[in-house]
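**Q** This is the structure I want to talk about, given as structure tokens.
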Amino acid sequence: MPGAVDIDPAVPAAEHARSRGWSALADTVLLITGMLIVWQVATLIIGHEVLTSPLETARRLSAIMADPDFPAHAWETGRAFGTALIIALAGGLTIGVALGAHRLSGQVAAPILVALYSIPKITLYPVILLLFGLGISAKIAFGVIHGIIPVIIFTMNGVRNINGVYFRAARAMRLSGMQTASNIIVPAALPEIVSGFRIGFSLTLLGTLIGEMFASQRGIGYMLVKAMETNDVATVMALALFLIVLATAASSVLLVIDRRLHQSVIAQSGDSQ
Amino acid sequence: MMTRPGKLRWALIIAALALLEGACRLGFVSRQTIIAPTAMAAGAWQALGSAEMRGHILITLASVAQSIGLAIVVGFAVGAALYRLPRLRRTLDPFLASYYAVPAFVFYPVFIVLFGLNRWPLVAIGFVFAVTAVIINTLDGLSRVPRGVRRTAAVMKLTPLQHIFFIMLPAAAPWLFTGAKFAVVYSFIGVIAGEFVLSGAGLGHAIAFAYNSFDNETMYGLMLLLFLIVGGINMQLWIWEQRLYARRGGY
């Protein structure tokens, strides 16, 4: 295993990247095909009543999407998710920058944040319901409590690792706190902030859906829980497929941005080797 | 001797609890919404005294332990296999990265039909939640083993087994530990979530049941117990983890 894997072929960078781009696409297609085959075989082994086949699931999904009620449910989920995401990202960024820039506050808060991150927040659903009542605000609150903590943690760590010279430069130029935050801290910690946004995006979606499953009469989460209760496997699978495709697509875009930012930072600071 | 941030942290937590206590006792917060921390502690103490509640707690802990064990073994094996197959790994990466955006417990009904109405569907949900975190961290750790160390192993002509046990495992240990830590976190989340949705036993079920019967004292007492258990385990794992990374000269 060691040895052969370590040697990079001497291909010009651009050409190398292009050919790898195409073969990566081919690999992805191959992988998805493989997954569909595994899924189909699994259906044949454990039966249609338990696991619907890929084709049946796709048909069921198009039937659900053609349903006149579907746009309202999707819009409801989208609205709750969008609002929760904005609150989680903006709030997480603000708190993370503040905690990262002030060393002592960061040291005090870090273990508390880690503990909060690890508790199963689903148990808080009675509290959220009691505080916000049934409806969209409870869902948004659920999305926010899931998504905001990773954004805070990543931003805080990013800000903490900023080169101290930048802060001294900010002081020398007599920048105000706000100016330092927007002109120095955020650009310097951007790669970590985007990584945090990526995790925050996933968890906010998860939180919003959980909120809908318990605290709502509308939205995709509600459709899911209704299908779960009536043991309607075809609908569960179709909605799961819908969410998986959307989440994976959005997450892949964020992943590409994330990787680019991290690479450009490495290239700039010149310590890539 | 406690450090200054440590003291401040405890002061902050105690101040927050005192504030909540005061707000509840003085009637600023409705008793139907949140109860005073001392009342929560009383509820927790009462729950610990009841054999039925202890049963719920133990059955949850047992399922979580099974799920953690399975997730670590399978996740580690899959991670190690993917490390040897870099092309598959590159292709799988975006899927692994977006895995946690999908609420995995929607598959709970599927597991119930598969395994029957017992504890196995819950173990399966915890496992499904936890295993990906183990895979991701195993891959991360193995690919961070410095090239120089692997070359040295090659120079010394270690056998494959020696290579694994003397080189790869020790060098990747901190990340493997992080993976195990996430297995604990996600197994708890998965099992408790499953118990909330559809189950007749366990801590999640007991909390949901107390909520539905407006028994706020029991509900908050059980939540407090759960948070103490999960928080305590996690703080301990976090401390060990920090030590491991420090020893490794972490980056």
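Each chain in the structure tokens gets a letter, A, B, ..., in the order shown, and its residues are numbered from 1; ligands are numbered from 1 in order too.
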Quick one: residues within 8 Å of region 107-110 of chain B, only C-alpha atoms, excluding same-chain residues fewer than 3 positions away - as a PyMOL selection string?

**A** (chain A and resi 50-51+228+231+233+236-237) or (chain B and resi 104+113-114+121-122+125+194)

**Q** For the selection just defined, write its residues with N, CA, C and O atoms to a file, as a short mmCIF file (atom, residue, chain, number, x, y, z; two decimals), in the first residue's frame.

**A**
```cif
data_model
loop_
_atom_site.label_atom_id
_atom_site.label_comp_id
_atom_site.auth_asym_id
_atom_site.auth_seq_id
_atom_site.Cartn_x
_atom_site.Cartn_y
_atom_site.Cartn_z
N VAL A 50 -42.14 -3.60 2.42
CA VAL A 50 -41.22 -3.00 3.38
C VAL A 50 -40.40 -1.90 2.72
O VAL A 50 -40.20 -0.82 3.29
N LEU A 51 -39.93 -2.17 1.52
CA LEU A 51 -39.04 -1.23 0.84
C LEU A 51 -39.49 -1.16 -0.62
O LEU A 51 -39.34 -2.14 -1.35
N MET A 228 -45.76 7.93 8.15
CA MET A 228 -45.18 6.97 9.09
C MET A 228 -46.27 6.33 9.93
O MET A 228 -46.26 5.12 10.18
N ASN A 231 -48.23 3.84 8.14
CA ASN A 231 -47.38 2.81 7.56
C ASN A 231 -47.39 2.81 6.04
O ASN A 231 -47.35 1.76 5.40
N VAL A 233 -45.34 3.09 3.38
CA VAL A 233 -43.90 3.06 3.08
C VAL A 233 -43.57 3.78 1.78
O VAL A 233 -42.56 4.49 1.70
N VAL A 236 -43.28 7.46 2.47
CA VAL A 236 -42.08 7.73 3.27
C VAL A 236 -40.84 7.71 2.38
O VAL A 236 -40.02 8.63 2.38
N MET A 237 -40.73 6.64 1.57
CA MET A 237 -39.56 6.50 0.70
C MET A 237 -39.49 7.63 -0.31
O MET A 237 -38.42 8.18 -0.57
N ALA B 104 -32.60 10.76 9.26
CA ALA B 104 -32.52 9.31 9.03
C ALA B 104 -33.66 8.55 9.71
O ALA B 104 -34.02 7.46 9.27
N VAL B 113 -40.87 -2.73 10.38
CA VAL B 113 -41.36 -3.85 9.59
C VAL B 113 -40.28 -4.92 9.45
O VAL B 113 -40.54 -6.12 9.50
N LEU B 114 -39.02 -4.45 9.30
CA LEU B 114 -37.91 -5.39 9.12
C LEU B 114 -37.63 -6.20 10.38
O LEU B 114 -37.47 -7.42 10.32
N PRO B 121 -35.28 -1.98 16.10
CA PRO B 121 -35.41 -0.81 15.21
C PRO B 121 -34.75 0.44 15.81
O PRO B 121 -34.14 1.22 15.08
N LEU B 122 -34.82 0.60 17.12
CA LEU B 122 -34.19 1.75 17.77
C LEU B 122 -32.67 1.67 17.68
O LEU B 122 -32.00 2.67 17.40
N ILE B 125 -31.74 2.62 14.22
CA ILE B 125 -31.79 4.06 13.97
C ILE B 125 -30.56 4.75 14.56
O ILE B 125 -29.91 5.57 13.91
N GLY B 194 -36.09 8.10 18.12
CA GLY B 194 -36.95 6.96 17.79
C GLY B 194 -37.95 6.68 18.90
O GLY B 194 -39.13 6.42 18.64
#
```

**Q** For chain A, which residues have at least one atom within 6 Å of chain B, if we go by only C-alpha atoms? Write them as a ChimeraX atom specification, please.

**A** /A:28,50,107-108,115,118,120,130,202-203,206,244,247-248,251-252

**Q** Between A:Thr94, A:Thr204, A:Gln217, A:Thr123, which one has atoms that come closest to Met178 (chain A), using only C-alpha atoms?

**A**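 The shortest atom-to-atom distance to Met178 (chain A) comes from A:Thr94.
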
**Q** Would you work out the distance separating CA of Glu241 (chain B) from CA of Ser105 (chain A), expressed in Å to one decimal?

**A**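 About the pair CA of Glu241 (chain B) and CA of Ser105 (chain A): they are 21.7 Å apart.
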
**Q** Can you pull out every residue within 10 Å of Ile136 (chain B), counting only C-alpha atoms, but drop anything in the same chain fewer than 6 positions away, and send it as an MDAnalysis selection string?

**A** chainID B and resid 75:76 78:79 82 93 96:97 175:176 179

**Q** Using the selection just defined, write its residues with N, CA and C atoms as a PDB file, in the first residue's frame.

**A**
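Generated file (out_9.pdb):
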```pdb
ATOM      1  N   GLY B  75     -18.362   1.197  11.262  1.00  0.00           N
ATOM      2  CA  GLY B  75     -17.851   2.454  10.726  1.00  0.00           C
ATOM      3  C   GLY B  75     -16.350   2.408  10.522  1.00  0.00           C
ATOM      4  N   PHE B  76     -15.658   1.803  11.460  1.00  0.00           N
ATOM      5  CA  PHE B  76     -14.211   1.708  11.349  1.00  0.00           C
ATOM      6  C   PHE B  76     -13.823   0.808  10.172  1.00  0.00           C
ATOM      7  N   VAL B  78     -15.624   0.096   7.459  1.00  0.00           N
ATOM      8  CA  VAL B  78     -15.949   0.747   6.183  1.00  0.00           C
ATOM      9  C   VAL B  78     -14.958   1.876   5.903  1.00  0.00           C
ATOM     10  N   GLY B  79     -14.630   2.669   6.961  1.00  0.00           N
ATOM     11  CA  GLY B  79     -13.680   3.757   6.778  1.00  0.00           C
ATOM     12  C   GLY B  79     -12.334   3.251   6.299  1.00  0.00           C
ATOM     13  N   LEU B  82     -12.609   2.176   2.688  1.00  0.00           N
ATOM     14  CA  LEU B  82     -12.671   3.316   1.760  1.00  0.00           C
ATOM     15  C   LEU B  82     -11.307   3.975   1.622  1.00  0.00           C
ATOM     16  N   ASP B  93     -17.542  11.196  -1.313  1.00  0.00           N
ATOM     17  CA  ASP B  93     -17.356  12.333  -0.403  1.00  0.00           C
ATOM     18  C   ASP B  93     -18.565  13.279  -0.284  1.00  0.00           C
ATOM     19  N   LEU B  96     -21.273  11.652   1.734  1.00  0.00           N
ATOM     20  CA  LEU B  96     -20.974  11.595   3.165  1.00  0.00           C
ATOM     21  C   LEU B  96     -21.163  12.967   3.798  1.00  0.00           C
ATOM     22  N   ALA B  97     -20.737  14.011   3.064  1.00  0.00           N
ATOM     23  CA  ALA B  97     -20.788  15.359   3.628  1.00  0.00           C
ATOM     24  C   ALA B  97     -22.225  15.838   3.826  1.00  0.00           C
ATOM     25  N   TRP B 175      -8.188  10.919  15.827  1.00  0.00           N
ATOM     26  CA  TRP B 175      -9.356  11.036  14.955  1.00  0.00           C
ATOM     27  C   TRP B 175     -10.294   9.856  15.139  1.00  0.00           C
ATOM     28  N   LEU B 176      -9.711   8.685  15.366  1.00  0.00           N
ATOM     29  CA  LEU B 176     -10.559   7.515  15.633  1.00  0.00           C
ATOM     30  C   LEU B 176     -11.359   7.756  16.901  1.00  0.00           C
ATOM     31  N   GLY B 179     -14.194   9.996  16.206  1.00  0.00           N
ATOM     32  CA  GLY B 179     -15.262   9.221  15.587  1.00  0.00           C
ATOM     33  C   GLY B 179     -16.093   8.496  16.638  1.00  0.00           C
TER      34      GLY B 179
END
```

**Q** Compare A:Ala101, A:Ala238, A:Leu254, A:Ile122 by their minimum atom-to-atom distance to Ile185 (chain A), counting only C-alpha atoms, and give me the closest one.

**A** A:Ala101

**Q** So the first atom is CA of Ser199 (chain B) and the second is CA of Met213 (chain A); what is the distance between them in Å, to one decimal place?

**A**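 Those two atoms sit 15.6 Å apart.
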
**Q** Using only C-alpha atoms, find the one residue out of B:Phe209, B:Tyr245, B:Phe28, B:Trp240 that sits nearest to Ala172 (chain B).

**A** B:Tyr245

**Q** Contacts of Pro187 (chain A) at 12 Å or less, counting only C-alpha atoms, minus same-chain residues fewer than 5 places along, as a ChimeraX atom specification?

**A** /A:97,155,158-159,162,166,179-182,192-194,261,265

**Q** Mind the document's chain letters and residue numbers, and return as JSON, numbers by chain the residues of region 213-257 of chain A that DSSP labels alpha helix (DSSP H).

**A** {"A": [213, 214, 215, 220, 221, 222, 223, 224, 225, 226, 227, 228, 229, 233, 234, 235, 236, 237, 238, 239, 240, 241, 242, 243, 244, 245, 246, 247, 248, 249, 250, 251, 252, 253, 254, 255, 256, 257]}

**Q** Fewer than 5 positions away in the same chain doesn't count, so skip those; otherwise give me all residues within 6 Å of Ala71 (chain B), counting only C-alpha atoms, as JSON, numbers by chain.

**A** {"B": [127, 130, 131]}

**Q** Please produce an output containing N, CA and C atoms for each residue in the selection, written as a CSV table (one decimal), in the first residue's frame.

**A**
```csv
chain,number,residue,atom,x,y,z
B,127,PHE,N,-27.7,3.4,15.1
B,127,PHE,CA,-26.6,2.9,14.3
B,127,PHE,C,-26.5,3.8,13.0
B,130,ALA,N,-25.2,7.1,13.7
B,130,ALA,CA,-23.8,7.2,14.2
B,130,ALA,C,-22.8,6.8,13.2
B,131,VAL,N,-23.1,5.8,12.4
B,131,VAL,CA,-22.0,5.1,11.6
B,131,VAL,C,-21.3,6.0,10.7
```
